[in-house]
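One file, structure-v5.cif, carrying mmCIF, C-alpha atoms:
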```cif
data_target
loop_
_atom_site.label_atom_id
_atom_site.label_comp_id
_atom_site.auth_asym_id
_atom_site.auth_seq_id
_atom_site.Cartn_x
_atom_site.Cartn_y
_atom_site.Cartn_z
CA MET A 1 -39.43 -3.65 19.75
CA ALA A 2 -38.69 -5.72 16.66
CA LEU A 3 -36.91 -8.99 17.17
CA ARG A 4 -33.75 -9.56 15.25
CA GLN A 5 -33.90 -12.34 12.69
CA LEU A 6 -31.58 -15.18 13.54
CA LYS A 7 -29.27 -16.13 10.73
CA ALA A 8 -28.31 -19.70 9.96
CA PRO A 9 -24.84 -20.61 11.20
CA ALA A 10 -22.21 -20.19 8.53
CA LYS A 11 -20.28 -23.14 7.27
CA ARG A 12 -16.90 -23.59 8.84
CA HIS A 13 -15.23 -24.31 5.49
CA ASN A 14 -16.69 -24.05 2.03
CA TYR A 15 -14.34 -26.74 0.75
CA ASP A 16 -15.14 -29.29 3.47
CA PRO A 17 -17.37 -32.02 1.93
CA HIS A 18 -17.97 -33.82 5.26
CA PRO A 19 -17.89 -31.33 8.15
CA ASP A 20 -19.39 -33.78 10.68
CA ARG A 21 -17.35 -36.83 9.74
CA VAL A 22 -15.41 -38.37 12.57
CA VAL A 23 -11.83 -38.86 11.49
CA PRO A 24 -10.39 -42.28 12.34
CA HIS A 25 -7.46 -42.22 14.67
CA ALA A 26 -5.15 -43.88 12.14
CA GLU A 27 -5.69 -41.07 9.62
CA ARG A 28 -5.09 -38.21 12.02
CA ARG A 29 -1.95 -36.23 12.15
CA PRO A 30 0.00 -36.03 15.41
CA PHE A 31 -1.87 -34.20 18.18
CA GLN A 32 -5.09 -34.11 16.18
CA GLN A 33 -8.29 -34.32 18.17
CA ARG A 34 -11.92 -34.82 17.38
CA ASN A 35 -14.19 -31.92 16.40
CA LYS A 36 -11.37 -29.43 16.01
CA ARG A 37 -11.05 -26.90 13.24
CA ARG A 38 -7.89 -28.46 11.85
CA ASP A 39 -9.64 -31.85 11.57
CA ASP A 40 -11.82 -30.70 8.67
CA VAL A 41 -9.15 -31.15 5.99
CA LEU A 42 -6.53 -33.84 6.38
CA ALA A 43 -3.12 -33.84 4.78
CA PRO A 44 -1.90 -37.35 3.93
CA ARG A 45 1.04 -38.57 5.91
CA HIS A 46 4.27 -38.75 3.97
CA ALA A 47 6.03 -42.03 3.52
CA PRO A 48 9.23 -42.44 5.55
CA ALA A 49 12.44 -41.79 3.67
CA VAL A 50 13.70 -45.36 3.85
CA PRO A 51 14.16 -47.91 1.03
CA SER A 52 11.07 -49.91 0.13
CA THR A 53 13.11 -53.11 -0.31
CA PRO A 54 14.38 -54.66 2.92
CA GLY A 55 17.45 -56.00 1.12
CA GLY A 56 20.35 -53.85 0.10
CA PHE A 57 19.91 -54.12 -3.68
CA VAL A 58 17.34 -54.15 -6.46
CA GLN A 59 17.82 -55.48 -9.97
CA ALA A 60 17.56 -53.88 -13.40
CA TRP A 61 18.14 -55.05 -16.97
CA LEU A 62 21.52 -54.43 -18.55
CA SER A 63 21.39 -53.52 -22.25
CA SER A 64 23.77 -52.72 -25.08
CA TRP A 65 23.51 -50.78 -28.33
CA GLU A 66 22.68 -54.02 -30.17
CA GLU A 67 20.69 -56.08 -27.62
CA PRO A 68 18.00 -54.72 -25.28
CA ARG A 69 18.67 -57.38 -22.62
CA VAL A 70 22.21 -58.58 -22.04
CA GLY A 71 22.14 -59.32 -18.32
CA ILE A 72 21.06 -58.07 -14.90
CA VAL A 73 22.83 -55.39 -12.87
CA PRO A 74 22.28 -54.79 -9.10
CA LEU A 75 21.34 -51.31 -7.92
CA ARG A 76 21.56 -49.88 -4.43
CA ALA A 77 18.15 -49.86 -2.77
CA ASP A 78 18.90 -46.73 -0.75
CA VAL A 79 19.37 -44.81 -4.03
CA TRP A 80 17.00 -46.44 -6.56
CA ASP A 81 14.18 -47.75 -4.36
CA MET A 82 13.16 -44.77 -2.23
CA PRO A 83 9.45 -43.93 -1.76
CA LEU A 84 7.86 -41.20 -3.84
CA ARG A 85 8.05 -37.85 -2.00
CA PRO A 86 6.67 -35.06 -4.19
CA ASP A 87 7.12 -32.58 -1.35
CA ILE A 88 10.88 -33.15 -1.24
CA VAL A 89 11.20 -32.96 -5.03
CA HIS A 90 9.23 -29.71 -5.06
CA ARG A 91 11.47 -28.19 -2.40
CA VAL A 92 14.64 -29.08 -4.29
CA VAL A 93 13.32 -27.88 -7.68
CA PHE A 94 12.09 -24.63 -6.13
CA TRP A 95 15.50 -24.13 -4.52
CA GLN A 96 17.35 -24.84 -7.78
CA ARG A 97 15.22 -22.43 -9.79
CA ALA A 98 15.63 -19.75 -7.14
CA CYS A 99 19.41 -20.13 -7.29
CA MET A 100 19.30 -19.86 -11.09
CA ARG A 101 17.45 -16.52 -11.01
CA ALA A 102 19.73 -13.69 -12.06
CA GLY A 103 17.97 -10.95 -10.10
CA VAL A 104 19.53 -8.17 -12.20
CA ALA A 105 16.35 -6.15 -12.83
CA LYS A 106 16.93 -2.49 -11.97
CA THR A 107 15.07 0.75 -12.66
CA LYS A 108 15.99 4.35 -11.85
CA GLY A 109 14.50 6.36 -9.04
CA ARG A 110 13.99 10.10 -8.91
CA GLY A 111 17.56 10.64 -7.76
CA GLU A 112 19.05 8.64 -10.63
CA VAL A 113 17.35 10.05 -13.74
CA SER A 114 19.02 12.96 -15.50
CA GLY A 115 17.77 16.52 -15.08
CA GLY A 116 15.51 18.12 -12.55
CA ASN A 117 18.14 19.64 -10.32
CA ARG A 118 16.15 22.78 -9.48
CA LYS A 119 12.59 23.71 -8.66
CA PRO A 120 10.43 24.09 -11.79
CA ARG A 121 8.76 27.22 -10.37
CA PRO A 122 8.78 29.30 -7.21
CA GLN A 123 7.27 27.89 -4.06
CA LYS A 124 4.67 30.68 -3.73
CA GLY A 125 3.00 33.32 -5.85
CA THR A 126 2.12 31.38 -9.00
CA GLY A 127 -1.11 29.82 -7.78
CA LYS A 128 0.09 26.40 -8.84
CA SER A 129 1.01 23.36 -6.80
CA ARG A 130 4.29 23.12 -4.95
CA GLN A 131 6.89 21.09 -6.83
CA GLY A 132 10.50 20.38 -6.02
CA SER A 133 11.66 18.61 -9.19
CA ILE A 134 10.31 17.62 -12.57
CA ARG A 135 11.88 14.19 -12.11
CA ALA A 136 9.42 13.18 -9.40
CA PRO A 137 7.47 9.94 -10.09
CA HIS A 138 4.28 11.77 -11.07
CA PHE A 139 6.04 13.78 -13.81
CA ARG A 140 6.57 12.49 -17.30
CA GLY A 141 10.16 11.38 -17.63
CA GLY A 142 10.56 11.13 -13.88
CA GLY A 143 11.92 8.24 -11.85
CA ARG A 144 10.03 5.25 -10.55
CA ALA A 145 8.32 5.53 -7.19
CA PHE A 146 9.48 2.10 -6.06
CA PRO A 147 12.42 1.25 -8.34
CA LYS A 148 13.55 -2.34 -8.80
CA ARG A 149 16.88 -3.23 -7.30
CA GLN A 150 19.30 -6.05 -7.97
CA THR A 151 18.68 -8.85 -5.51
CA SER A 152 19.60 -12.47 -4.93
CA TYR A 153 16.89 -15.10 -4.54
CA LYS A 154 19.19 -17.78 -3.17
CA PHE A 155 18.35 -19.41 0.14
CA PHE A 156 19.72 -22.22 2.23
CA LEU A 157 18.50 -25.77 1.74
CA PRO A 158 19.85 -28.56 3.98
CA ARG A 159 22.10 -30.98 2.20
CA LYS A 160 20.07 -33.93 3.48
CA VAL A 161 17.05 -32.56 1.63
CA GLN A 162 19.10 -32.13 -1.55
CA THR A 163 20.40 -35.70 -1.48
CA LEU A 164 16.99 -37.11 -0.58
CA GLY A 165 15.40 -35.24 -3.49
CA LEU A 166 17.98 -36.68 -5.88
CA LYS A 167 17.35 -40.19 -4.56
CA VAL A 168 13.59 -39.80 -4.95
CA ALA A 169 13.97 -38.53 -8.53
CA LEU A 170 16.25 -41.44 -9.44
CA SER A 171 13.93 -43.95 -7.76
CA ASP A 172 10.99 -42.58 -9.73
CA LYS A 173 12.86 -43.25 -12.97
CA TYR A 174 13.56 -46.82 -11.89
CA ARG A 175 10.01 -47.43 -10.65
CA ARG A 176 8.39 -46.22 -13.90
CA GLY A 177 10.74 -48.19 -16.14
CA ALA A 178 12.37 -45.02 -17.48
CA LEU A 179 15.91 -46.14 -16.60
CA VAL A 180 18.11 -47.64 -19.33
CA ILE A 181 21.48 -49.09 -18.27
CA LEU A 182 24.04 -49.88 -20.98
CA ASP A 183 27.26 -51.77 -20.58
CA ASP A 184 29.13 -49.06 -22.54
CA LEU A 185 27.90 -45.74 -23.90
CA ALA A 186 30.85 -45.13 -26.21
CA VAL A 187 30.07 -44.93 -29.94
CA GLU A 188 32.41 -45.30 -32.90
CA SER A 189 31.33 -42.23 -34.84
CA HIS A 190 30.35 -38.68 -34.02
CA LYS A 191 27.59 -38.65 -36.67
CA THR A 192 24.19 -37.61 -35.36
CA ALA A 193 22.26 -39.88 -37.75
CA GLN A 194 24.04 -42.97 -36.42
CA LEU A 195 23.26 -42.05 -32.84
CA GLU A 196 19.60 -41.46 -33.70
CA ALA A 197 19.47 -44.91 -35.31
CA LYS A 198 20.98 -46.49 -32.19
CA LEU A 199 18.48 -44.73 -29.92
CA GLY A 200 15.63 -45.78 -32.18
CA GLY A 201 16.81 -49.38 -31.98
CA LEU A 202 16.41 -49.23 -28.20
CA GLY A 203 12.80 -48.02 -28.59
CA PHE A 204 13.29 -44.30 -27.98
CA ASP A 205 10.85 -41.93 -29.65
CA LEU A 206 12.74 -38.64 -29.86
CA GLU A 207 9.60 -36.80 -30.90
CA LYS A 208 7.90 -37.56 -27.58
CA HIS A 209 10.64 -38.35 -25.07
CA ARG A 210 13.38 -36.17 -23.66
CA VAL A 211 16.43 -38.29 -22.91
CA MET A 212 19.18 -37.44 -20.43
CA VAL A 213 22.44 -39.38 -20.86
CA LEU A 214 24.82 -39.58 -17.91
CA THR A 215 28.43 -40.12 -18.89
CA ALA A 216 31.48 -40.89 -16.78
CA GLY A 217 33.54 -37.89 -15.71
CA ASP A 218 37.18 -37.16 -16.25
CA LYS A 219 39.57 -38.21 -13.49
CA ASP A 220 41.04 -34.73 -13.09
CA ASP A 221 37.75 -32.83 -13.49
CA PRO A 222 34.58 -34.88 -12.77
CA SER A 223 32.38 -32.12 -14.24
CA LYS A 224 33.84 -32.74 -17.72
CA PRO A 225 33.01 -35.93 -19.67
CA ASP A 226 35.59 -38.63 -20.11
CA ALA A 227 37.69 -38.59 -23.31
CA GLY A 228 36.07 -41.83 -24.48
CA MET A 229 32.65 -40.12 -24.53
CA SER A 230 33.64 -37.33 -26.90
CA ASN A 231 31.90 -38.88 -29.91
CA LEU A 232 28.68 -39.41 -27.94
CA VAL A 233 28.66 -35.87 -26.59
CA ARG A 234 29.35 -34.40 -30.02
CA ALA A 235 26.65 -36.47 -31.73
CA ALA A 236 24.04 -35.76 -29.05
CA GLY A 237 24.68 -32.03 -29.25
CA ASN A 238 22.70 -31.83 -32.50
CA ILE A 239 19.66 -33.69 -31.17
CA PHE A 240 17.11 -31.36 -29.62
CA LYS A 241 15.63 -33.71 -27.02
CA VAL A 242 18.85 -35.48 -25.99
CA SER A 243 21.16 -33.89 -23.44
CA THR A 244 24.38 -35.22 -21.92
CA GLN A 245 25.71 -34.67 -18.42
CA THR A 246 28.31 -36.23 -16.20
CA ALA A 247 27.29 -38.23 -13.16
CA ASP A 248 28.77 -35.49 -10.97
CA GLU A 249 26.38 -32.88 -12.48
CA CYS A 250 23.19 -34.94 -12.21
CA ASN A 251 20.50 -32.91 -10.43
CA VAL A 252 16.80 -33.08 -9.62
CA PHE A 253 15.66 -30.29 -11.94
CA ASP A 254 17.07 -31.97 -15.05
CA LEU A 255 15.75 -35.37 -13.99
CA VAL A 256 12.23 -33.95 -13.70
CA ARG A 257 12.48 -32.28 -17.14
CA HIS A 258 13.53 -35.49 -18.92
CA GLN A 259 11.35 -38.55 -19.32
CA LEU A 260 14.13 -41.12 -19.82
CA LEU A 261 17.48 -41.61 -18.13
CA MET A 262 20.36 -43.52 -19.73
CA VAL A 263 23.52 -44.53 -17.87
CA ASP A 264 26.33 -47.02 -18.23
CA LYS A 265 28.32 -48.98 -15.68
CA GLY A 266 30.94 -46.28 -15.22
CA SER A 267 28.51 -43.41 -14.70
CA LEU A 268 26.33 -45.64 -12.51
CA ALA A 269 29.24 -46.31 -10.16
CA GLU A 270 30.11 -42.59 -10.00
CA LEU A 271 26.47 -41.67 -9.39
CA GLU A 272 26.06 -44.12 -6.51
CA ALA A 273 29.39 -43.02 -5.04
CA ARG A 274 27.91 -39.56 -4.43
CA PHE A 275 25.73 -41.02 -1.67
CA ASP A 276 28.46 -42.67 0.38
CA ASP A 277 28.97 -39.91 2.95
CA ALA A 278 27.22 -39.70 6.32
CA VAL A 279 24.89 -36.89 5.27
CA SER A 280 23.51 -38.85 2.33
CA VAL A 281 23.14 -42.08 4.26
CA GLY A 282 21.29 -40.26 7.04
CA HIS A 283 23.18 -41.54 10.07
CA VAL A 284 26.53 -41.07 11.76
CA LEU A 285 29.43 -43.06 10.39
CA SER A 286 30.08 -46.11 12.55
CA THR A 287 33.81 -45.53 12.87
CA ASP A 288 35.98 -45.54 15.95
CA ALA A 289 36.06 -41.74 16.17
CA PRO A 290 33.15 -40.11 14.31
CA LYS A 291 33.09 -36.38 13.70
CA LEU A 292 31.52 -34.21 16.35
CA PRO A 293 28.81 -31.68 15.41
CA PHE A 294 31.28 -28.94 16.37
CA THR A 295 35.01 -28.27 16.20
CA THR A 296 37.05 -28.53 19.36
CA VAL A 297 40.25 -26.76 20.31
CA GLU A 298 42.80 -27.73 22.92
CA PRO A 299 41.21 -27.39 26.41
CA GLN A 300 42.17 -24.20 28.23
CA GLY A 301 42.23 -24.88 31.91
CA PRO A 302 41.06 -27.90 33.88
CA GLY A 303 37.83 -29.42 32.64
CA ARG A 304 36.91 -26.78 30.04
CA ALA A 305 37.04 -26.63 26.24
CA HIS A 306 36.25 -23.85 23.79
CA LEU A 307 33.88 -24.82 20.99
CA SER A 308 33.09 -23.16 17.70
CA GLY A 309 30.51 -20.39 17.91
CA GLY A 310 31.69 -19.01 21.21
CA ARG A 311 29.97 -21.73 23.27
CA LYS A 312 31.66 -23.32 26.27
CA HIS A 313 30.94 -26.76 27.65
CA ARG A 314 32.65 -29.05 30.07
CA ASP A 315 34.61 -31.91 28.56
CA PRO A 316 32.78 -32.71 25.27
CA ARG A 317 32.33 -36.47 25.16
CA VAL A 318 33.56 -38.19 22.00
CA VAL A 319 31.01 -40.78 20.89
CA THR A 320 32.54 -44.00 19.65
CA SER A 321 31.08 -47.19 18.26
CA GLU A 322 31.89 -49.00 21.52
CA SER A 323 29.78 -46.58 23.59
CA TRP A 324 26.60 -47.01 21.50
#
```

What is this file in structure tokens?
Amino acid sequence: MALRQLKAPAKRHNYDPHPDRVVPHAERRPFQQRNKRRDDVLAPRHAPAVPSTPGGFVQAWLSSWEEPRVGIVPLRADVWDMPLRPDIVHRVVFWQRACMRAGVAKTKGRGEVSGGNRKPRPQKGTGKSRQGSIRAPHFRGGGRAFPKRQTSYKFFLPRKVQTLGLKVALSDKYRRGALVILDDLAVESHKTAQLEAKLGGLGFDLEKHRVMVLTAGDKDDPSKPDAGMSNLVRAAGNIFKVSTQTADECNVFDLVRHQLLMVDKGSLAELEARFDDAVSVGHVLSTDAPKLPFTTVEPQGPGRAHLSGGRKHRDPRVVTSESW
């Protein structure tokens, strides 16, 4: 009886450079143990989503169209000094691009193409294969076997993730020195050549850099630029690598696509004001009567209250700042 040849044990992972390395405890993920399969490849721990500066503000240079350094302006640390989180930025950009997909592709199936209402030949007696219609997928001119249908690629992304992604993108611009703050963005003329000269005086190379300019929004409609920015918007419309947006329309996808960000005091105040609610700050508002995570109706009966979603609980307790 021939003995079977013993094969060498296969490697656990082809991409593991150190299969027998003992992972230090500080580098392990939660609930990781020694000599387990998931210990072979480690994912780095993400930085916490808190400002890097313990104080409430960071500083940046304030410029003008004539002078590169006019003064210093304070910036909120919880908006402009957040740690780099590529995972959050990727989630937000992926969500934005999915929402922008039209999803209107459509092809015809065998029941939608014209013709082919009767059998091309009798079922029996001809010696040929059985066919029910000449518009079947395997016939020339027939419908598609698996036709495309109109669909929506939108999905839900928590608002906290959206606001955190915007903070991380803005903080990356500040950290890399790609943020330019002007005292006033208004220009006297709508000529494109004059605006290009002003941008060149600030050190912008329009052949290499894409510049996004945030303007202040109108009081009645924040999505439209203010009337004082009409010359700037008109002049920048003829420059290929310069785009204008209002502070209310600033988003992560456009921040990633542009290398430089230019704002003024008005748009800076509007941009930071977008992060004043409880969802953006990340904690419950410390007011006397904060909002509950559900909506309550007048109690029906002693000791009972109906909540949204059909749930019933006894006497929902209102959390106040005194009870913390």

Gap from atom CA of A:Trp95 to atom CA of A:Gln150 - Å, one decimal: 18.8 Å

Hits of the PyMOL selection byres ((chain A and resi 241) around 7) in this structure, as a count of residues only: 7

d(atom CA of A:Arg76, atom CA of A:Gln259) in Å: 21.3 Å

Selected residue, from A:Pro68, A:Gly55, A:Gly142, A:Pro48, that lies nearest to A:Lys198 when counting only C-alpha atoms: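 Among the listed residues, the smallest separation from A:Lys198 belongs to A:Pro68.
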
Protein and nucleic acid residues near (18.5, 15.5, -14.1) (cut-off 10 Å, all atoms listed in the file) as a ChimeraX atom specification: /A:110-118,133-135,141-142

Surrounding residues of A:Thr53 excluding itself and chain neighbours under 2 positions, 7 Å, only C-alpha atoms, as a list in words: Pro51, Gly55, Ala77 and Asp81 of chain A

For atom CA of A:Arg85 and atom CA of A:Ala47, the interatomic separation in Å (one decimal):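 Interatomic distance here is 7.2 Å.
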
Spatial sel., origin (13.7, -29.0, -11.8), limit 9 Å, all atoms listed in the file, listed as a ChimeraX atom specification: /A:89-90,92-97,251-257

Option closest in space to A:Glu67, from A:Lys265, A:Gly125, A:Glu270, A:Ile181 [counting only C-alpha atoms]: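 So, comparing all the options, the nearest one is A:Ile181.
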
Selection result of the PyMOL selection byres ((chain A and resi 156) around 12) on this file, as JSON, numbers by chain: {"A": [91, 92, 94, 95, 96, 98, 99, 153, 154, 155, 157, 158, 159, 160, 161, 162]}
